[in-house]
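Next comes input-v4.cif, a file with mmCIF, C-alpha atoms.
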data_target
#
loop_
_atom_site.group_PDB
_atom_site.id
_atom_site.type_symbol
_atom_site.label_atom_id
_atom_site.label_comp_id
_atom_site.auth_asym_id
_atom_site.auth_seq_id
_atom_site.Cartn_x
_atom_site.Cartn_y
_atom_site.Cartn_z
ATOM 1 C CA MET A 201 -27.327 -26.332 -22.430
ATOM 2 C CA LYS A 202 -28.785 -22.885 -23.132
ATOM 3 C CA ILE A 203 -28.938 -22.086 -19.422
ATOM 4 C CA ILE A 204 -25.217 -22.915 -19.045
ATOM 5 C CA PHE A 205 -24.403 -20.503 -21.881
ATOM 6 C CA ILE A 206 -26.493 -17.768 -20.248
ATOM 7 C CA ILE A 207 -24.854 -18.331 -16.864
ATOM 8 C CA ALA A 208 -21.350 -18.392 -18.415
ATOM 9 C CA GLY A 209 -22.090 -15.134 -20.264
ATOM 10 C CA PHE A 210 -23.389 -13.514 -17.099
ATOM 11 C CA LEU A 211 -20.306 -14.605 -15.122
ATOM 12 C CA LEU A 212 -18.009 -13.284 -17.847
ATOM 13 C CA PHE A 213 -19.846 -9.964 -17.801
ATOM 14 C CA ILE A 214 -19.604 -9.724 -13.993
ATOM 15 C CA SER A 215 -15.889 -10.610 -14.014
ATOM 16 C CA ALA A 216 -15.263 -7.976 -16.697
ATOM 17 C CA ALA A 217 -17.255 -5.447 -14.683
ATOM 18 C CA LEU A 218 -15.036 -6.031 -11.683
ATOM 19 C CA ALA A 219 -11.774 -6.224 -13.640
ATOM 20 C CA GLU A 220 -8.976 -3.720 -13.596
ATOM 21 C CA ASP A 221 -8.900 -0.751 -15.953
ATOM 22 C CA GLN A 222 -8.562 -1.151 -19.721
ATOM 23 C CA THR A 223 -10.122 -4.582 -20.007
ATOM 24 C CA ILE A 224 -11.680 -5.815 -23.248
ATOM 25 C CA ALA A 225 -14.936 -7.796 -23.055
ATOM 26 C CA PHE A 226 -17.410 -8.594 -25.826
ATOM 27 C CA GLY A 227 -15.525 -6.234 -28.162
ATOM 28 C CA TYR A 228 -15.825 -3.256 -25.816
ATOM 29 C CA LEU A 229 -13.019 -1.535 -23.954
ATOM 30 C CA LEU A 230 -13.979 -1.275 -20.264
ATOM 31 C CA ASN A 231 -12.550 1.496 -18.081
ATOM 32 C CA THR A 232 -13.198 3.104 -14.726
ATOM 33 C CA ILE A 233 -13.501 6.876 -14.480
ATOM 34 C CA ALA A 234 -10.728 7.887 -12.084
ATOM 35 C CA HIS A 235 -11.290 11.661 -11.956
ATOM 36 C CA ASN A 236 -14.185 14.088 -11.910
ATOM 37 C CA ASP A 237 -13.184 16.041 -15.036
ATOM 38 C CA MET A 238 -16.209 14.792 -17.027
ATOM 39 C CA GLU A 239 -18.860 15.508 -14.375
ATOM 40 C CA PRO A 240 -21.808 15.608 -14.492
ATOM 41 C CA THR A 241 -21.825 13.292 -17.541
ATOM 42 C CA LEU A 242 -19.320 10.769 -16.151
ATOM 43 C CA ALA A 243 -18.612 10.627 -12.436
ATOM 44 C CA LYS A 244 -15.592 9.286 -10.594
ATOM 45 C CA GLY A 245 -16.158 5.561 -10.086
ATOM 46 C CA ASP A 246 -18.403 5.085 -13.125
ATOM 47 C CA ARG A 247 -17.383 2.124 -15.268
ATOM 48 C CA ILE A 248 -17.697 2.836 -18.970
ATOM 49 C CA ALA A 249 -17.848 0.747 -22.121
ATOM 50 C CA SER A 250 -16.231 2.151 -25.254
ATOM 51 C CA ASP A 251 -16.394 0.907 -28.826
ATOM 52 C CA PRO A 252 -12.910 0.719 -30.408
ATOM 53 C CA THR A 253 -14.391 0.000 -33.866
ATOM 54 C CA TYR A 254 -16.981 2.793 -33.861
ATOM 55 C CA TYR A 255 -14.965 5.181 -36.024
ATOM 56 C CA GLU A 256 -14.069 2.579 -38.651
ATOM 57 C CA ASN A 257 -17.286 3.457 -40.518
ATOM 58 C CA LYS A 258 -18.350 6.707 -38.899
ATOM 59 C CA ALA A 259 -16.949 10.215 -38.643
ATOM 60 C CA ILE A 260 -15.922 11.771 -35.346
ATOM 61 C CA GLU A 261 -18.586 14.325 -34.441
ATOM 62 C CA ARG A 262 -18.874 17.272 -32.109
ATOM 63 C CA GLY A 263 -20.324 16.037 -28.825
ATOM 64 C CA ASP A 264 -18.794 12.548 -29.010
ATOM 65 C CA ILE A 265 -17.086 11.396 -25.824
ATOM 66 C CA VAL A 266 -13.829 9.672 -26.675
ATOM 67 C CA LEU A 267 -11.019 7.715 -25.048
ATOM 68 C CA PHE A 268 -7.565 8.758 -26.214
ATOM 69 C CA HIS A 269 -3.940 8.140 -25.304
ATOM 70 C CA SER A 270 -2.670 10.530 -22.666
ATOM 71 C CA PRO A 271 -0.441 13.283 -24.051
ATOM 72 C CA LYS A 272 1.904 12.425 -21.147
ATOM 73 C CA ASN A 273 2.712 9.117 -22.916
ATOM 74 C CA ASP A 274 2.270 7.283 -19.613
ATOM 75 C CA GLY A 275 0.089 4.476 -20.969
ATOM 76 C CA THR A 276 -3.145 5.872 -19.563
ATOM 77 C CA LEU A 277 -6.282 6.752 -21.464
ATOM 78 C CA TRP A 278 -8.084 10.040 -21.012
ATOM 79 C CA VAL A 279 -11.789 10.723 -21.536
ATOM 80 C CA LYS A 280 -12.981 14.019 -23.036
ATOM 81 C CA ARG A 281 -15.689 15.419 -25.288
ATOM 82 C CA ILE A 282 -15.049 16.442 -28.901
ATOM 83 C CA ILE A 283 -15.708 20.175 -29.232
ATOM 84 C CA GLY A 284 -13.726 21.433 -32.236
ATOM 85 C CA LEU A 285 -13.345 19.614 -35.542
ATOM 86 C CA PRO A 286 -10.523 19.900 -38.104
ATOM 87 C CA GLY A 287 -10.469 23.319 -39.766
ATOM 88 C CA GLU A 288 -12.560 25.036 -37.104
ATOM 89 C CA LEU A 289 -11.605 27.898 -34.807
ATOM 90 C CA ALA A 290 -12.240 26.814 -31.207
ATOM 91 C CA GLU A 291 -12.044 29.340 -28.397
ATOM 92 C CA SER A 292 -12.693 29.353 -24.683
ATOM 93 C CA LYS A 293 -13.352 32.748 -23.200
ATOM 94 C CA LYS A 294 -14.594 33.615 -19.714
ATOM 95 C CA GLY A 295 -16.022 30.147 -19.140
ATOM 96 C CA MET A 296 -17.814 29.965 -22.490
ATOM 97 C CA VAL A 297 -16.876 28.037 -25.622
ATOM 98 C CA PHE A 298 -17.045 29.411 -29.149
ATOM 99 C CA VAL A 299 -16.677 27.487 -32.401
ATOM 100 C CA ASN A 300 -16.069 29.614 -35.502
ATOM 101 C CA GLY A 301 -17.130 32.678 -33.512
ATOM 102 C CA GLU A 302 -20.504 31.214 -32.450
ATOM 103 C CA ILE A 303 -21.198 30.400 -28.807
ATOM 104 C CA LEU A 304 -21.603 26.651 -28.318
ATOM 105 C CA LYS A 305 -24.760 25.704 -26.443
ATOM 106 C CA GLU A 306 -23.756 22.902 -24.098
ATOM 107 C CA SER A 307 -26.610 21.325 -22.153
ATOM 108 C CA TYR A 308 -24.200 18.828 -20.551
ATOM 109 C CA VAL A 309 -22.102 21.535 -18.816
ATOM 110 C CA GLU A 310 -23.462 22.889 -15.557
ATOM 111 C CA GLU A 311 -22.769 26.508 -14.681
ATOM 112 C CA ALA A 312 -21.249 25.457 -11.349
ATOM 113 C CA TYR A 313 -18.393 23.796 -13.292
ATOM 114 C CA THR A 314 -17.372 27.016 -15.086
ATOM 115 C CA LYS A 315 -17.052 29.537 -12.266
ATOM 116 C CA GLY A 316 -13.399 29.089 -11.289
ATOM 117 C CA ILE A 317 -10.312 28.548 -13.406
ATOM 118 C CA SER A 318 -12.405 28.405 -16.608
ATOM 119 C CA GLN A 319 -12.949 32.137 -16.337
ATOM 120 C CA ALA A 320 -9.197 32.734 -16.738
ATOM 121 C CA LEU A 321 -8.411 30.102 -19.412
ATOM 122 C CA ASN A 322 -8.903 32.237 -22.495
ATOM 123 C CA LYS A 323 -7.386 30.255 -25.364
ATOM 124 C CA LYS A 324 -7.957 30.181 -29.107
ATOM 125 C CA TYR A 325 -6.998 27.307 -31.435
ATOM 126 C CA THR A 326 -7.345 26.738 -35.135
ATOM 127 C CA VAL A 327 -7.840 22.981 -35.253
ATOM 128 C CA SER A 328 -5.409 21.358 -37.708
ATOM 129 C CA THR A 329 -6.199 18.567 -40.143
ATOM 130 C CA HIS A 330 -6.588 15.228 -38.315
ATOM 131 C CA HIS A 331 -6.768 16.996 -34.928
ATOM 132 C CA TYR A 332 -9.593 17.683 -32.468
ATOM 133 C CA TYR A 333 -10.234 20.212 -29.729
ATOM 134 C CA VAL A 334 -11.429 18.330 -26.629
ATOM 135 C CA LEU A 335 -12.789 19.527 -23.289
ATOM 136 C CA GLY A 336 -13.915 17.908 -20.073
ATOM 137 C CA ASP A 337 -17.492 18.678 -19.038
ATOM 138 C CA ASN A 338 -16.219 19.817 -15.622
ATOM 139 C CA ARG A 339 -14.369 22.792 -17.086
ATOM 140 C CA ASP A 340 -12.910 23.988 -13.795
ATOM 141 C CA ASN A 341 -11.231 20.648 -13.141
ATOM 142 C CA SER A 342 -10.139 19.347 -16.523
ATOM 143 C CA MET A 343 -6.757 19.007 -18.201
ATOM 144 C CA ASP A 344 -7.888 19.426 -21.803
ATOM 145 C CA SER A 345 -7.172 21.245 -25.070
ATOM 146 C CA ARG A 346 -7.087 24.591 -23.291
ATOM 147 C CA LEU A 347 -3.867 23.385 -21.620
ATOM 148 C CA ILE A 348 -2.514 20.550 -23.773
ATOM 149 C CA GLY A 349 -3.593 21.736 -27.226
ATOM 150 C CA THR A 350 -5.511 19.682 -29.734
ATOM 151 C CA ILE A 351 -5.276 15.901 -29.973
ATOM 152 C CA ASN A 352 -4.341 13.893 -33.037
ATOM 153 C CA LYS A 353 -6.940 11.567 -34.543
ATOM 154 C CA GLN A 354 -4.423 8.697 -34.249
ATOM 155 C CA SER A 355 -4.461 9.035 -30.463
ATOM 156 C CA ILE A 356 -8.228 8.364 -30.297
ATOM 157 C CA VAL A 357 -8.823 4.785 -29.157
ATOM 158 C CA ALA A 358 -12.620 4.477 -28.921
ATOM 159 C CA LYS A 359 -15.974 6.198 -28.563
ATOM 160 C CA VAL A 360 -17.547 5.971 -25.099
ATOM 161 C CA VAL A 361 -21.020 4.464 -25.514
ATOM 162 C CA SER A 362 -22.345 3.628 -22.051
ATOM 163 C CA ILE A 363 -21.959 3.518 -18.310
ATOM 164 C CA TYR A 364 -22.267 -0.182 -17.497
ATOM 165 C CA LEU A 365 -21.704 0.042 -13.740
ATOM 166 C CA SER A 366 -21.829 2.931 -11.285
ATOM 167 C CA PRO A 367 -22.006 3.534 -7.535
ATOM 168 C CA ASN A 368 -25.260 5.341 -8.445
ATOM 169 C CA LEU A 369 -27.319 2.676 -10.239
ATOM 170 C CA LEU A 370 -29.515 5.355 -11.824
ATOM 171 C CA ARG A 371 -26.516 6.425 -13.938
ATOM 172 C CA ILE A 372 -26.214 3.072 -15.697
ATOM 173 C CA GLY A 373 -27.124 3.096 -19.372
ATOM 174 C CA GLU A 374 -26.381 4.344 -22.818
ATOM 175 C CA LEU A 375 -24.887 7.801 -23.162
ATOM 176 C CA ASP A 376 -27.017 9.948 -25.386
ATOM 177 C CA GLY A 377 -24.839 11.569 -28.004
ATOM 178 C CA VAL A 378 -25.329 15.312 -28.008
ATOM 179 C CA LYS A 379 -25.760 16.450 -31.592
ATOM 180 C CA TYR A 380 -25.241 19.963 -32.833
ATOM 181 C CA PRO A 381 -26.500 21.715 -35.961
#
In structure tokens, what does this structure look like?
Amino acid sequence: MKIIFIIAGFLLFISAALAEDQTIAFGYLLNTIAHNDMEPTLAKGDRIASDPTYYENKAIERGDIVLFHSPKNDGTLWVKRIIGLPGELAESKKGMVFVNGEILKESYVEEAYTKGISQALNKKYTVSTHHYYVLGDNRDNSMDSRLIGTINKQSIVAKVVSIYLSPNLLRIGELDGVKYP
């Protein structure tokens, strides 16, 4: 009987892994990364698992990767990284990011992803209450707070916790949350 349960669980996992976007399995929201705006952290084709209950007992933190409703109101979910928290001054200038006037050290952003359009997107935002400043890790190819403004906390659907399937099997696993002082 135990073996049947294990096989059934495995088959359910495999079917969820191959399902269309925005599937729920085992309490996780499963999505496929459709664009390269979060490279190198998340690559096009990666399948991610997100926890929709994560923020019920925890605060949203800088460095978290979140799924949120598209500001285009087209029913899609976008994936970005939390950079600026409520009450902070977030600024992008010449490919660098500053929070409250201090340069943000971002180990997850590669220099190659900040050489183009990022150099010209010089924007400054004071993040309102219940809002967040979000950026894609691939700064030169990301529609994010520099263009759409901050996002409302109510639009955040889940925290991305892992890559559960990828064309590059070495990418599969838990996403280490980048913590900042």
At a cut-off of 9 Å from (-11.9, 8.4, -25.3) in the coordinates of the file, what residues are picked up using only C-alpha atoms, written as JSON, numbers by chain? {"A": [250, 264, 265, 266, 267, 268, 269, 277, 278, 279, 280, 281, 356, 357, 358, 359, 360]}
Residues of the last selection are to be written out with C-alpha atoms, as a short mmCIF file (atom, residue, chain, number, x, y, z; two decimals), in the frame of the given file.
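The result, stored in result08.cif:
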data_model
loop_
_atom_site.label_atom_id
_atom_site.label_comp_id
_atom_site.auth_asym_id
_atom_site.auth_seq_id
_atom_site.Cartn_x
_atom_site.Cartn_y
_atom_site.Cartn_z
CA SER A 250 -16.23 2.15 -25.25
CA ASP A 264 -18.79 12.55 -29.01
CA ILE A 265 -17.09 11.40 -25.82
CA VAL A 266 -13.83 9.67 -26.68
CA LEU A 267 -11.02 7.72 -25.05
CA PHE A 268 -7.56 8.76 -26.21
CA HIS A 269 -3.94 8.14 -25.30
CA LEU A 277 -6.28 6.75 -21.46
CA TRP A 278 -8.08 10.04 -21.01
CA VAL A 279 -11.79 10.72 -21.54
CA LYS A 280 -12.98 14.02 -23.04
CA ARG A 281 -15.69 15.42 -25.29
CA ILE A 356 -8.23 8.36 -30.30
CA VAL A 357 -8.82 4.78 -29.16
CA ALA A 358 -12.62 4.48 -28.92
CA LYS A 359 -15.97 6.20 -28.56
CA VAL A 360 -17.55 5.97 -25.10
#
Quick one: residues within 12 Å of Ile351 in chain A, all atoms listed in the file counted, chain neighbours fewer than 2 positions away excluded, as a PyMOL selection string? chain A and resi 266-272+278-286+325+327-335+344-349+353-357
Hits of the PyMOL selection byres ((chain A and resi 341) around 10) in this structure, as a PyMOL selection string: chain A and resi 235-239+313-314+316-318+336-340+342-344
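Between CA of Tyr308 in chain A and CA of Thr241 in chain A the separation is 6.7 Å.
You will find CA of Ser292 in chain A at 12.0 Å from CA of Thr326 in chain A.
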Determine the residue membership of the PyMOL selection byres ((chain A and resi 244) around 6) for the file above and supply it as a PyMOL selection string. chain A and resi 233-236+243+245-246
Centre, edges in Å (one decimal): axis-aligned box, range 292-307 of chain A, 4 Å padding on all six sides, as lines of an AutoDock Vina configuration file:
center_x = -19.7
center_y = 27.5
center_z = -27.3
size_x = 21.9
size_y = 20.3
size_z = 24.4
In Å and to one decimal, CA of Tyr228 in chain A is distant from CA of Pro252 in chain A by 6.7 Å
Exactly which residues make up the result of the PyMOL selection byres ((chain A and resi 298) around 12) on this file, given as a ChimeraX atom specification? /A:283-284,288-297,299-306,322-326,333
For Thr232 in chain A, the nearest of the candidates A:Ala320, A:Glu374, A:Thr350, A:Ser366, counting only C-alpha atoms: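 Smallest distance to Thr232 in chain A is found for A:Ser366.
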Where atoms are lacking, range 357-368 of chain A completed to all heavy atoms, as an mmCIF file, in the frame of the given file:
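The result, written out as out-v7.cif:
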data_model
loop_
_atom_site.group_PDB
_atom_site.id
_atom_site.type_symbol
_atom_site.label_atom_id
_atom_site.label_comp_id
_atom_site.auth_asym_id
_atom_site.auth_seq_id
_atom_site.Cartn_x
_atom_site.Cartn_y
_atom_site.Cartn_z
ATOM 1 N N VAL A 357 -8.741 6.240 -29.279
ATOM 2 C CA VAL A 357 -8.823 4.785 -29.157
ATOM 3 C C VAL A 357 -10.241 4.271 -29.381
ATOM 4 O O VAL A 357 -10.435 3.225 -29.999
ATOM 5 C CB VAL A 357 -8.316 4.351 -27.760
ATOM 6 C CG1 VAL A 357 -8.508 2.878 -27.522
ATOM 7 C CG2 VAL A 357 -6.864 4.760 -27.574
ATOM 8 N N ALA A 358 -11.250 4.994 -28.872
ATOM 9 C CA ALA A 358 -12.620 4.477 -28.921
ATOM 10 C C ALA A 358 -13.618 5.584 -28.608
ATOM 11 O O ALA A 358 -13.263 6.618 -28.038
ATOM 12 C CB ALA A 358 -12.784 3.344 -27.909
ATOM 13 N N LYS A 359 -14.878 5.314 -28.957
ATOM 14 C CA LYS A 359 -15.974 6.198 -28.563
ATOM 15 C C LYS A 359 -16.638 5.602 -27.330
ATOM 16 O O LYS A 359 -16.972 4.410 -27.299
ATOM 17 C CB LYS A 359 -17.013 6.324 -29.675
ATOM 18 C CG LYS A 359 -18.185 7.201 -29.256
ATOM 19 C CD LYS A 359 -19.243 7.320 -30.319
ATOM 20 C CE LYS A 359 -20.369 8.198 -29.769
ATOM 21 N NZ LYS A 359 -21.443 8.362 -30.709
ATOM 22 N N VAL A 360 -16.856 6.417 -26.304
ATOM 23 C CA VAL A 360 -17.547 5.971 -25.099
ATOM 24 C C VAL A 360 -19.035 5.862 -25.441
ATOM 25 O O VAL A 360 -19.626 6.812 -25.957
ATOM 26 C CB VAL A 360 -17.319 6.955 -23.927
ATOM 27 C CG1 VAL A 360 -18.079 6.500 -22.695
ATOM 28 C CG2 VAL A 360 -15.834 7.102 -23.630
ATOM 29 N N VAL A 361 -19.618 4.686 -25.146
ATOM 30 C CA VAL A 361 -21.020 4.464 -25.514
ATOM 31 C C VAL A 361 -21.956 4.270 -24.333
ATOM 32 O O VAL A 361 -23.158 4.496 -24.467
ATOM 33 C CB VAL A 361 -21.158 3.280 -26.506
ATOM 34 C CG1 VAL A 361 -20.502 3.619 -27.834
ATOM 35 C CG2 VAL A 361 -20.600 2.000 -25.939
ATOM 36 N N SER A 362 -21.429 3.835 -23.175
ATOM 37 C CA SER A 362 -22.345 3.628 -22.051
ATOM 38 C C SER A 362 -21.613 3.584 -20.718
ATOM 39 O O SER A 362 -20.403 3.384 -20.656
ATOM 40 C CB SER A 362 -23.144 2.332 -22.223
ATOM 41 O OG SER A 362 -22.296 1.219 -22.087
ATOM 42 N N ILE A 363 -22.396 3.788 -19.679
ATOM 43 C CA ILE A 363 -21.959 3.518 -18.310
ATOM 44 C C ILE A 363 -22.560 2.159 -17.986
ATOM 45 O O ILE A 363 -23.780 2.004 -18.008
ATOM 46 C CB ILE A 363 -22.485 4.581 -17.323
ATOM 47 C CG1 ILE A 363 -21.946 5.964 -17.691
ATOM 48 C CG2 ILE A 363 -22.121 4.201 -15.885
ATOM 49 C CD1 ILE A 363 -22.595 7.105 -16.913
ATOM 50 N N TYR A 364 -21.715 1.155 -17.751
ATOM 51 C CA TYR A 364 -22.267 -0.182 -17.497
ATOM 52 C C TYR A 364 -22.323 -0.526 -16.018
ATOM 53 O O TYR A 364 -22.993 -1.474 -15.627
ATOM 54 C CB TYR A 364 -21.497 -1.262 -18.279
ATOM 55 C CG TYR A 364 -20.099 -1.534 -17.787
ATOM 56 C CD1 TYR A 364 -19.869 -2.491 -16.815
ATOM 57 C CD2 TYR A 364 -19.013 -0.840 -18.302
ATOM 58 C CE1 TYR A 364 -18.598 -2.746 -16.360
ATOM 59 C CE2 TYR A 364 -17.736 -1.097 -17.857
ATOM 60 C CZ TYR A 364 -17.531 -2.044 -16.892
ATOM 61 O OH TYR A 364 -16.263 -2.286 -16.436
ATOM 62 N N LEU A 365 -21.659 0.258 -15.178
ATOM 63 C CA LEU A 365 -21.704 0.042 -13.740
ATOM 64 C C LEU A 365 -21.367 1.361 -13.064
ATOM 65 O O LEU A 365 -20.505 2.102 -13.541
ATOM 66 C CB LEU A 365 -20.685 -1.039 -13.334
ATOM 67 C CG LEU A 365 -20.799 -1.644 -11.943
ATOM 68 C CD1 LEU A 365 -22.141 -2.338 -11.748
ATOM 69 C CD2 LEU A 365 -19.673 -2.645 -11.716
ATOM 70 N N SER A 366 -22.057 1.668 -11.984
ATOM 71 C CA SER A 366 -21.829 2.931 -11.285
ATOM 72 C C SER A 366 -22.228 2.781 -9.826
ATOM 73 O O SER A 366 -23.148 2.008 -9.510
ATOM 74 C CB SER A 366 -22.670 4.037 -11.929
ATOM 75 O OG SER A 366 -22.548 5.242 -11.207
ATOM 76 N N PRO A 367 -21.558 3.518 -8.923
ATOM 77 C CA PRO A 367 -22.006 3.534 -7.535
ATOM 78 C C PRO A 367 -23.462 4.022 -7.428
ATOM 79 O O PRO A 367 -24.189 3.628 -6.540
ATOM 80 C CB PRO A 367 -21.048 4.519 -6.861
ATOM 81 C CG PRO A 367 -19.820 4.480 -7.708
ATOM 82 C CD PRO A 367 -20.320 4.270 -9.109
ATOM 83 N N ASN A 368 -23.872 4.873 -8.371
ATOM 84 C CA ASN A 368 -25.260 5.341 -8.445
ATOM 85 C C ASN A 368 -25.928 4.563 -9.580
ATOM 86 O O ASN A 368 -25.734 4.862 -10.749
ATOM 87 C CB ASN A 368 -25.289 6.840 -8.727
ATOM 88 C CG ASN A 368 -26.693 7.375 -8.880
ATOM 89 O OD1 ASN A 368 -27.670 6.631 -8.959
ATOM 90 N ND2 ASN A 368 -26.799 8.687 -8.940
#
